[in-house]
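For reference, the structure is listed below as C-alpha cells.
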There are 4 protein chains.
Amino acid sequence: MTLSDRFKGIVPPVATPYNADGSVDTTALKRLVRHLVDGGVHGLFLLGSTSECVLLDARDRALVLDTALAEAAGRVPVVAGIMDAATDVCLNHARTARSAGVDGLVVTAPYYTRTNQAETIDHFRYLRGEIGLPMVAYDIPVCVNLKLARDTVHTLVQDDLVFALKDSSGDEGGFRMLVRDFRDRPDVRLFTGSEIVADSALMAGASGCVPGLGNVDPAAYVRLYEAAMRGDAAAARREQDRLIDLFQMVFWSAAELSAGAGGVGSFKVALRHMGLFSHSHMRRPNRPVPDAVQQRIRAHLVQHGLLPAGPGGTAS
Amino acid sequence: MTLSDRFKGIVPPVATPYNADGSVDTTALKRLVRHLVDGGVHGLFLLGSTSECVLLDARDRALVLDTALAEAAGRVPVVAGIMDAATDVCLNHARTARSAGVDGLVVTAPYYTRTNQAETIDHFRYLRGEIGLPMVAYDIPVCVNLKLARDTVHTLVQDDLVFALKDSSGDEGGFRMLVRDFRDRPDVRLFTGSEIVADSALMAGASGCVPGLGNVDPAAYVRLYEAAMRGDAAAARREQDRLIDLFQMVFWSAAELSAGAGGVGSFKVALRHMGLFSHSHMRRPNRPVPDAVQQRIRAHLVQHGLLPAGPGGTAS
Amino acid sequence: MTLSDRFKGIVPPVATPYNADGSVDTTALKRLVRHLVDGGVHGLFLLGSTSECVLLDARDRALVLDTALAEAAGRVPVVAGIMDAATDVCLNHARTARSAGVDGLVVTAPYYTRTNQAETIDHFRYLRGEIGLPMVAYDIPVCVNLKLARDTVHTLVQDDLVFALKDSSGDEGGFRMLVRDFRDRPDVRLFTGSEIVADSALMAGASGCVPGLGNVDPAAYVRLYEAAMRGDAAAARREQDRLIDLFQMVFWSAAELSAGAGGVGSFKVALRHMGLFSHSHMRRPNRPVPDAVQQRIRAHLVQHGLLPAGPGGTAS
Amino acid sequence: MTLSDRFKGIVPPVATPYNADGSVDTTALKRLVRHLVDGGVHGLFLLGSTSECVLLDARDRALVLDTALAEAAGRVPVVAGIMDAATDVCLNHARTARSAGVDGLVVTAPYYTRTNQAETIDHFRYLRGEIGLPMVAYDIPVCVNLKLARDTVHTLVQDDLVFALKDSSGDEGGFRMLVRDFRDRPDVRLFTGSEIVADSALMAGASGCVPGLGNVDPAAYVRLYEAAMRGDAAAARREQDRLIDLFQMVFWSAAELSAGAGGVGSFKVALRHMGLFSHSHMRRPNRPVPDAVQQRIRAHLVQHGLLPAGPGGTAS
C-alpha cells in the first residue's frame with residue numbers, strides 16, 4: 001500500500017509547544033498528537049508553517065519528529081516539512097526526516113534565493129533523487145514569495161517528483177483547476193491548506209485539507225470531511241460555518257501582531273486553555289497574543305463547546 | 001576607534017567559490033579576498049546574498065568566515081551576514097560569526113515568517129542584546145518580502161540597534177530620504193546595495209556602496225568612491241558608466257535563469273575567466289550560466305580591460 | 001418589491017458586440033440579450049469589465065444601455081457599471097444610466113487615483129447621495145489596484161450605500177468570510193465573479209454569480225444555480241466541471257494576448273461561432289484572438305454541445 | 001526646430017485650481033502658469049497626475065488646455081496628458097489637445113484593462129498614427145499597474161513612437177539603465193518624475209525633471225537644473241536637499257489621506273498660502289488636507305523662504 005493510498009482526509013499541521021525556557025515541550029507535543037489521532041485525523045504534517053518550522057534548528061526539528069512519530073506509532077501516516085532556503089540545506093533536513101521514519105516529505109519552493117519555476121522544479125528533482133521518499137509540494141507564496149505555476153505542478157506530477165500538493169496559496173480558483181486537471185489521476189492527492197473553504201474544496205474533489213485550526217478541533221474537521229465524502233453538502237457546510245466562526249480569533253490580534261503570530265499564536269493559546277499545552281508563546285521574534293485577546297479566546301472556546309463553562313470560562 | 005569610524009567606502013559582498021564537488025574552495029576564496037583588498041576596498045561583507053549565504057550550512061559558513069578573516073588579517077573591517085528565517089537560528093549564526101572574529105553583523109528582517117515591522121525591530125533587539133556586536137540593517141525585500149519602513153530604520157538607529165544600513169531595496173528615493181534624515185549623524189553609515197547608482201548615492205551623501213560587481217572590478221569602485229569623495233562628479237560618473245556597461249552581463253541569461261542566478265552566476269563566471277576561481281557554478285538549485293553566455297562574458301571582460309585579449313579573449 | 005428581492009442568481013456581464021467599423025452592433029447586442037434571457041438568467045450586468053466598459057465613451061455607453069434595456073423589456077432586473085477613475089466622471093455615467101432606466105448601479109473603487117479605503121467609501125457615498133439608485137460594490141483589484149477590505153464592505157452595507165457585492169478579487173476565502181458575516185442579512189446580496197467556483201460559492205450561501213462565460217452558455221449556469229438552490233451539490237458540481245472545461249479556451253491565447261484579451265476575446269469568438277455576433281474583435285488596444293485559436297474554439301464548442309458538428313465544426 | 005530640441009529641463013506638471021463650486025478656476029490657473037514661466041521653467045506638462053487629469057471630464061480638460069496655452073503664449077513648449085483607460089477614448093482627448101495647440105502628448109499605458117507590453121506598444125502606435133503629434137511615454141505603474149519594460153521603451157523609441165520618457169516608476173536603477181542605453185541618442189529625452197533625486201538624475205545624464213513640487217518652487221528646480229548642467233554637483237545637491245526638506249509636507253497627512261491626496265493636496269495648500277490659488281481642495285473623492293496640517297504647511301513655507309513671516313506665518 002503506497003503512501004498515496006493512505007494519504008487523504010484531514011492532515012493537520014502539528015503546532016509545536018515549548019517549555020517556559022523555549023525548548024520543545026515533548027510532553028505537550030505527545031498530548032497534542034494523541035488529541036489529533038484520537039480526534040480521528042487521517043495523517044499528521046510535522047514541521048509545517050504552523051509548527052514554526054523555520055524557527056527550529058536541526059536539533060529541535062529532530063526532536064519534534066522523534067517525539068511525534070513515537071506517539072503516532074504508525075496509526076496514521078506522517079509527513080514532515082524540510083523547509084529551508086536552498087537545496088543542500090533542505091537535503092540535510094530531509095535525511096534527518098528519513099532517518100526518523102516519516103512516510104513522506106513536504107517541500108516548498110526555495111526562498112530568499114529568488115529562484116524561478118524551472119529552478120524550483122530542479123529543487124524537487126534533486127530531493128526526490130537523493131532521498132527517495134514520496135513528496136508533497138507545498139504552495140505557500142506568502143512565505144516563499146513564489147507561486148507554483150499550474151504548469152509547474154503538472155511537471156512535478158508527470159515527472160513523478162510529487163504525489164500530492166498542499167495549496168496554501170489562497171488561489172482557490174487555481175486549485176479548482178488543478179482538481180479538474182487531475183480528475184483522472186486519483187493517485188494524485190490535492191489538499192487545500194485553507195481552514196475556511198475546506199467544504200468547498202472537498203465537495204469539488206479535493207483529497208483532503210491541512211487545517212491549522214485542526215489542532216484545536218480535529219474532530220470537527222473529521223466530521224466535515226466525512227460529510228463531504230458521503231456527499232452531504234449541507235452537513236459539511238454546517239461544520240465549516242462553525243469552524244469559520246471559531247477561526248475568527250486569528251484576527252483579534254491584528255492591531256498588534258503580524259498575521260503569522262496572530263494565527264498560530266491564537267491556536268496555541270486555545271491549546272493552552274484546553275490543557276494540551278502548558279505555554280502558548282511562539283518562538284521569537286513573534287510576540288505573544290495580548291492578554292485581553294487570550295481571555296477572549298477562552299470565552300470563545302466555551303461558546304464553541306471546546307471548553308466547559310467555568311470560572312475562567314466566563315471571561316469575555 | 002569604533003567600527004562606525006572605519007566602516008565606509010566600498011565594501012563588496014564576497015562571492016563564495018566552490019570546488020568541483022561543491023565544497024567551499026578556500027584557496028580561491030583567499031585569492032578573491034586578496035584581489036579585493038589589493039583592489040583597495042574599504043571593507044568586506046561575508047555571507048551576503050552574493051555569497052549565496054542561505055545556501056551554506058553552518059559548517060560552510062564557519063569555514064568561509066575563518067578563511068576570509070585569516071586572509072584579510074585585519075587590513076580592512078569585516079562584517080558578516082547571519083541570514084536565517086528567525087531569531088534563534090540567527091543567534092546561532094551570530095555566535096559563530098562573533099567567535100570567528102568579525103567586526104560586525106549584517107541582519108535582514110526575518111523571512112518566511114511573515115513578521116511585521118514591530119516584530120522585525122524586536123528581532124534586531126534580541127540579536128543586539130545577546131551578541132553585542134555592531135550591526136548593519138540589510139534591507140532586501142526581494143529576498144525577505146518585507147521593506148524596512150523609514151520609521152523602522154529610525155527606531156533601529158535611535159535605539160542603538162544598528163549603526164549602518166545596506167539598502168538593496170531598489171527604492172533610491174527612499175534611500176535619499178534616509179540620507180537626509182541622518183545628515184547630522186555622521187556616525188550612521190548608509191550604504192547603497194546598488195551597483196549602478198553608486199555615484200548618485202555617494203554624491204548625495206551616502207557612506208558607501210556594497211556592490212556585487214565589486215568582486216569583479218574592485219579597483220573601479222574604489223576609484224568611483226574616491227572621485228565622489230573629492231567632489232568630482234564627472235569622474236565618478238565616468239567610472240559608474242563603465243561599470244554599468246560591465247554590469248550588463250547579468251541580463252544575458254535572463255531567458256534561462258532567475259535574476260539571482262543570472263547575476264551572481266555572471267560574477268562567478270567572470271572571476272573564473274580572471275583566474276581567481278576554478279569553477280563558476282553556484283549552489284543548487286541555481287543553474288549554471290549557459291555556455292554561450294560564458295564565452296560572451298570572456299569577450300566582455302577583454303573589452304573592459306579586465307582580461308588581456310588572447311586566444312580565448314577573442315571569443316564573442 | 002425592492003431590487004434586493006429580485007437580484008440574485010445568474011447575472012452575466014453582457015459582452016459588447018461591434019460592427020466591422022468598431023461601432024456598437026445593436027442588432028447583435030439584442031440577439032445576445034435574447035440569448036441570455038431565453039437562457040433563463042436572472043438579471044443582466046451591462047457595462048462591466050467583460051463589456052469592455054472603459055473602452056466605450058459616453059455615447060457608446062448610452063447606446064448599449066438603451067439597446068439592452070429595450071430588449072430586456074423588464075423581464076429581468078438590469079444593473080449597469082459606471083466605471084471611471086473618479087467621482088465626478090462616474091456621476092456623469094450614473095446620470096446617464098439612471099435616465100436610461102437601469103435598476104441599479106455597479107461601482108468599483110476609483111482607479112488611477114491611488115485612493116485609500118476611506119476615500120473609496122466616500123466615493124460610494126457621493127454616488128449614493130446624488131443618484132439614489134441601489135448600488136452594487138464591485139471588487140476587482142486586478143483592474144483598479146485596490147482590494148475592498150472586509151471592513152470597507154461592512155461600512156458600505158451598514159451605511160446603506162450598497163445592497164450587494166460582486167467579488168472578482170479571486171480571494172475566495174475572503175468572500176466566504178463575507179458570506180458568513182452577512183448570514184443574518186438575506187437582503188445583502190453577495191455574488192461571486194468567478195466562473196469556475198460558482199458551485200462552491202452558491203453552496204456556501206452566496207446569492208449568485210456574475211459569470212463572463214455565462215454569455216456563451218447561460219443555460220448551464222442557470223442549471224448550476226438551480227441545482228445549488230435545491231441542495232444538489234453533485235449536480236451543481238457536474239455543471240461546474242463542464243463549465244470549467246469550457247472555460248479553458250481563455251488560456252489558449254496566453255502566449256500572445258493579455259489575460260483580458262484572451263478571456264473576453266475568447267467569449268466573443270464563441271459568440272460569433274454561435275451566430276450571435278457578426279464580429280469578435282475587441283476595442284483597441286486589445287489584439288484579436290489568433291486564427292488558430294479561433295478554429296480551436298469552434299471545435300471546443302462542438303465538443304461541448306454548443307454548436308452542431310459540421311463543415312467548420314471539425315476544425316481542430 | 002523640433003520639440004525634442006526644445007524639450008528639456010524643468011517641466012512641472014501644472015496643478016489644477018478649482019473655484020469653491022468645483023469648477024476649474026481659470027484665473028488661478030493663469031496665475032500659476034505665470035508663476036511657473038516667470039520662475040524660469042523650460043516647459044509645462046498639463047493634465048498630468050498632479051493636475052488630477054482623470055478627475056476632469058472632457059470639457060474641463062479642454063478648458064485647462066485653452067487657459068494654460070493662452071497664458072503660456074508660446075514662451076515655453078507645452079505637452080498634455082491624454083490619460084484614459086483605452087485607445088479610442090484617449091484618441092478623443094488627443095484630438096482635443098491637438099486642436100488646442102499643444103506641442104506634444106503625454107501617454108501612459110492603458111489602465112483598468114490589464115493590457116500587456118505588446119498591446120501597450122500598439123496603443124502608442126495607434127495614437128502616433130492617428131494624431132501625429134510628438135509623444136512622451138509616461139511610466140507610472142502606481143497609477144496604471146503596468147511598468148513599461150526596458151524593451152518596451154526601446155521599441156517605442158526605435159519605432160519613432162515617442163521622443164521622450166517621463167519616468168515616475170520609482171525604479172531609479174532602471175532609469176539609469178535607460179540613460180545609458182540612449183547615451184548616443186541626444187534627441188531622446190529622458191525625464192525623471194521624482195522630485196527628490198532630480199540632481200542625481202540630471203548629473204547622470206537625464207534631460208530634465210517633471211517635479212510636482214515644482215508648482216510650489218519652480219525657481220529652485222531651475223537653479224538645480226542649471227547647476228547640474230554646468231557640472232556643479234555640490235550646488236545641485238544643495239538645491240535638492242532644500243527641496244527634499246520642503247517635500248516632507250506630503251507625508252504629514254499620511255494618517256488620514258491616501259498618498260495621492262497627501263501629495264497633490266499639500267502642493268495645492270502651499271499654492272493657496274502663496275496667494276496663487278483661492279482654494280486648495282482636490283476633486284472628489286480626495287479628502288482635503290487636515291486643518292492642522294494646512295497650518296503647519298504655512299509655517300513650513302515661511303521657513304523655506306517661500307512666504308514672508310507674518311501673522312499667519314508664525315503658526316506651527
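Lettering and numbering for the C-alpha cells are positional, with chains as A, B, ... in the shown order, residues counted from 1 in each chain, and ligands counted from 1 in the shown order.
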
(request) Just list the residues in range 132-292 of chain C DSSP gives strand (DSSP E or B) on the backbone, as a PyMOL selection string. (result) chain C and resi 135-139+164-167+189-192+208-209

Chain A residues near chain B within 9 Å, closest pair each, using only C-alpha atoms, as a tab-separated table:
```
residue	atom	partner	partner_atom	distance
A:Ser49	CA	B:Thr113	CA	8.0
A:Glu52	CA	B:Thr113	CA	8.2
A:Val54	CA	B:Ala85	CA	6.0
A:Leu55	CA	B:Ala86	CA	5.2
A:Leu56	CA	B:Val89	CA	7.1
A:Asp57	CA	B:Val89	CA	6.1
A:Asp84	CA	B:Val54	CA	8.4
A:Ala85	CA	B:Val54	CA	6.0
A:Ala86	CA	B:Leu55	CA	5.3
A:Thr87	CA	B:Arg284	CA	5.6
A:Asp88	CA	B:Leu55	CA	6.8
A:Val89	CA	B:Asp57	CA	6.1
A:Asn92	CA	B:Asp57	CA	9.0
A:Pro110	CA	B:Pro285	CA	8.2
A:Tyr111	CA	B:Cys143	CA	7.3
A:Tyr112	CA	B:Cys143	CA	4.2
A:Thr113	CA	B:Cys143	CA	6.3
A:Arg114	CA	B:Gly260	CA	5.9
A:Thr115	CA	B:Ser258	CA	5.4
A:Asn116	CA	B:Ser258	CA	5.2
A:Gln117	CA	B:Ser258	CA	8.6
A:Ala118	CA	B:Leu257	CA	8.3
A:Glu119	CA	B:Pro285	CA	5.6
A:Thr120	CA	B:Pro285	CA	7.0
A:Ile121	CA	B:Pro285	CA	8.7
A:Asp122	CA	B:Pro285	CA	6.1
A:His123	CA	B:Pro285	CA	5.3
A:Tyr126	CA	B:Pro285	CA	8.2
A:Val142	CA	B:Arg114	CA	7.3
A:Cys143	CA	B:Tyr112	CA	4.2
A:Val144	CA	B:Tyr112	CA	5.8
A:Asn145	CA	B:Asn145	CA	7.0
A:Glu256	CA	B:Ala118	CA	8.4
A:Leu257	CA	B:Asn116	CA	7.3
A:Ser258	CA	B:Asn116	CA	5.2
A:Ala259	CA	B:Arg114	CA	7.0
A:Gly260	CA	B:Arg114	CA	5.9
A:Ala261	CA	B:Thr115	CA	7.6
A:Arg283	CA	B:Asp88	CA	7.8
A:Arg284	CA	B:Thr87	CA	5.6
A:Pro285	CA	B:His123	CA	5.2
A:Asn286	CA	B:Glu119	CA	6.1
A:Arg287	CA	B:Glu119	CA	6.9
```

Would you mind listing what lies within 8 Å of Ala94 in chain A as a JSON list (two decimals) with N, CA, C and O atoms, in the first residue's frame, with only C-alpha atoms counted and same-chain residues fewer than 6 positions away left out?
```json
[["chain", "number", "residue", "atom", "x", "y", "z"],
["A", 82, "ILE", "N", 10.54, 20.09, 5.30],
["A", 82, "ILE", "CA", 12.00, 20.21, 5.35],
["A", 82, "ILE", "C", 12.38, 21.62, 4.93],
["A", 82, "ILE", "O", 13.38, 21.84, 4.25],
["A", 105, "LEU", "N", 7.83, 13.59, 2.57],
["A", 105, "LEU", "CA", 8.36, 14.92, 2.80],
["A", 105, "LEU", "C", 7.43, 15.98, 2.22],
["A", 105, "LEU", "O", 6.78, 15.74, 1.20],
["A", 127, "LEU", "N", 15.90, 16.60, -4.61],
["A", 127, "LEU", "CA", 15.43, 15.98, -3.36],
["A", 127, "LEU", "C", 14.86, 14.60, -3.61],
["A", 127, "LEU", "O", 15.14, 13.65, -2.87],
["A", 131, "ILE", "N", 16.82, 11.47, -1.91],
["A", 131, "ILE", "CA", 16.16, 10.99, -0.69],
["A", 131, "ILE", "C", 15.23, 9.83, -0.99],
["A", 131, "ILE", "O", 15.18, 8.84, -0.25]]
```

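If you count only C-alpha atoms and ignore residues fewer than 4 places along the chain from Pro186 in chain C, what sits within 10 Å of it is Ser4, Asp5, Val179, Phe182, Leu190, Gly205, Ala206 and Ser207 of chain C.
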
Once you have the residues from the selection above, write them out as a compact mmCIF listing (two decimals), in the first residue's frame, restricted to all heavy atoms.
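Printed below is selection_0.txt as written:
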```
# COMPACT_ATOMS: atom_id res chain seq x y z
N SER C 4 -33.26 44.32 -4.25
CA SER C 4 -32.63 43.23 -3.48
C SER C 4 -33.47 41.96 -3.55
O SER C 4 -32.95 40.85 -3.66
CB SER C 4 -32.42 43.66 -2.03
OG SER C 4 -31.96 42.58 -1.25
N ASP C 5 -34.78 42.12 -3.49
CA ASP C 5 -35.66 40.93 -3.57
C ASP C 5 -35.48 40.19 -4.89
O ASP C 5 -35.56 38.97 -4.94
CB ASP C 5 -37.13 41.36 -3.43
CG ASP C 5 -37.43 41.90 -2.05
OD1 ASP C 5 -36.82 41.41 -1.07
OD2 ASP C 5 -38.25 42.83 -1.95
N VAL C 179 -19.72 36.05 3.29
CA VAL C 179 -20.97 35.26 3.31
C VAL C 179 -21.34 34.96 4.76
O VAL C 179 -22.51 35.08 5.17
CB VAL C 179 -20.80 33.96 2.50
CG1 VAL C 179 -21.98 33.02 2.74
CG2 VAL C 179 -20.67 34.28 1.02
N PHE C 182 -22.58 38.17 6.75
CA PHE C 182 -23.92 38.66 6.41
C PHE C 182 -24.95 37.55 6.38
O PHE C 182 -25.98 37.67 5.72
CB PHE C 182 -23.87 39.42 5.08
CG PHE C 182 -23.05 40.68 5.16
CD1 PHE C 182 -21.81 40.76 4.55
CD2 PHE C 182 -23.50 41.77 5.89
CE1 PHE C 182 -21.04 41.92 4.65
CE2 PHE C 182 -22.74 42.94 5.99
CZ PHE C 182 -21.51 43.00 5.37
N LEU C 190 -24.62 38.73 -2.13
CA LEU C 190 -23.20 38.52 -2.38
C LEU C 190 -23.02 37.64 -3.60
O LEU C 190 -23.44 36.48 -3.61
CB LEU C 190 -22.56 37.87 -1.14
CG LEU C 190 -22.68 38.73 0.13
CD1 LEU C 190 -22.19 37.95 1.35
CD2 LEU C 190 -21.90 40.03 -0.01
N GLY C 205 -23.60 29.66 0.32
CA GLY C 205 -24.53 30.69 0.74
C GLY C 205 -24.51 31.96 -0.08
O GLY C 205 -25.24 32.91 0.25
N ALA C 206 -23.71 32.01 -1.15
CA ALA C 206 -23.71 33.19 -2.00
C ALA C 206 -25.08 33.35 -2.66
O ALA C 206 -25.82 32.38 -2.84
CB ALA C 206 -22.62 33.08 -3.06
N SER C 207 -25.37 34.59 -3.04
CA SER C 207 -26.66 34.88 -3.68
C SER C 207 -26.67 34.58 -5.16
O SER C 207 -27.73 34.42 -5.75
CB SER C 207 -26.98 36.37 -3.51
OG SER C 207 -26.99 36.74 -2.17
```

(message) Measuring between only C-alpha atoms, which one of C:Ser266, C:Val302, C:Leu178, C:Val293 shows the shortest distance to Asp241 in chain A?
(response)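 When distances to Asp241 in chain A are compared using only C-alpha atoms, the smallest one comes from C:Leu178.
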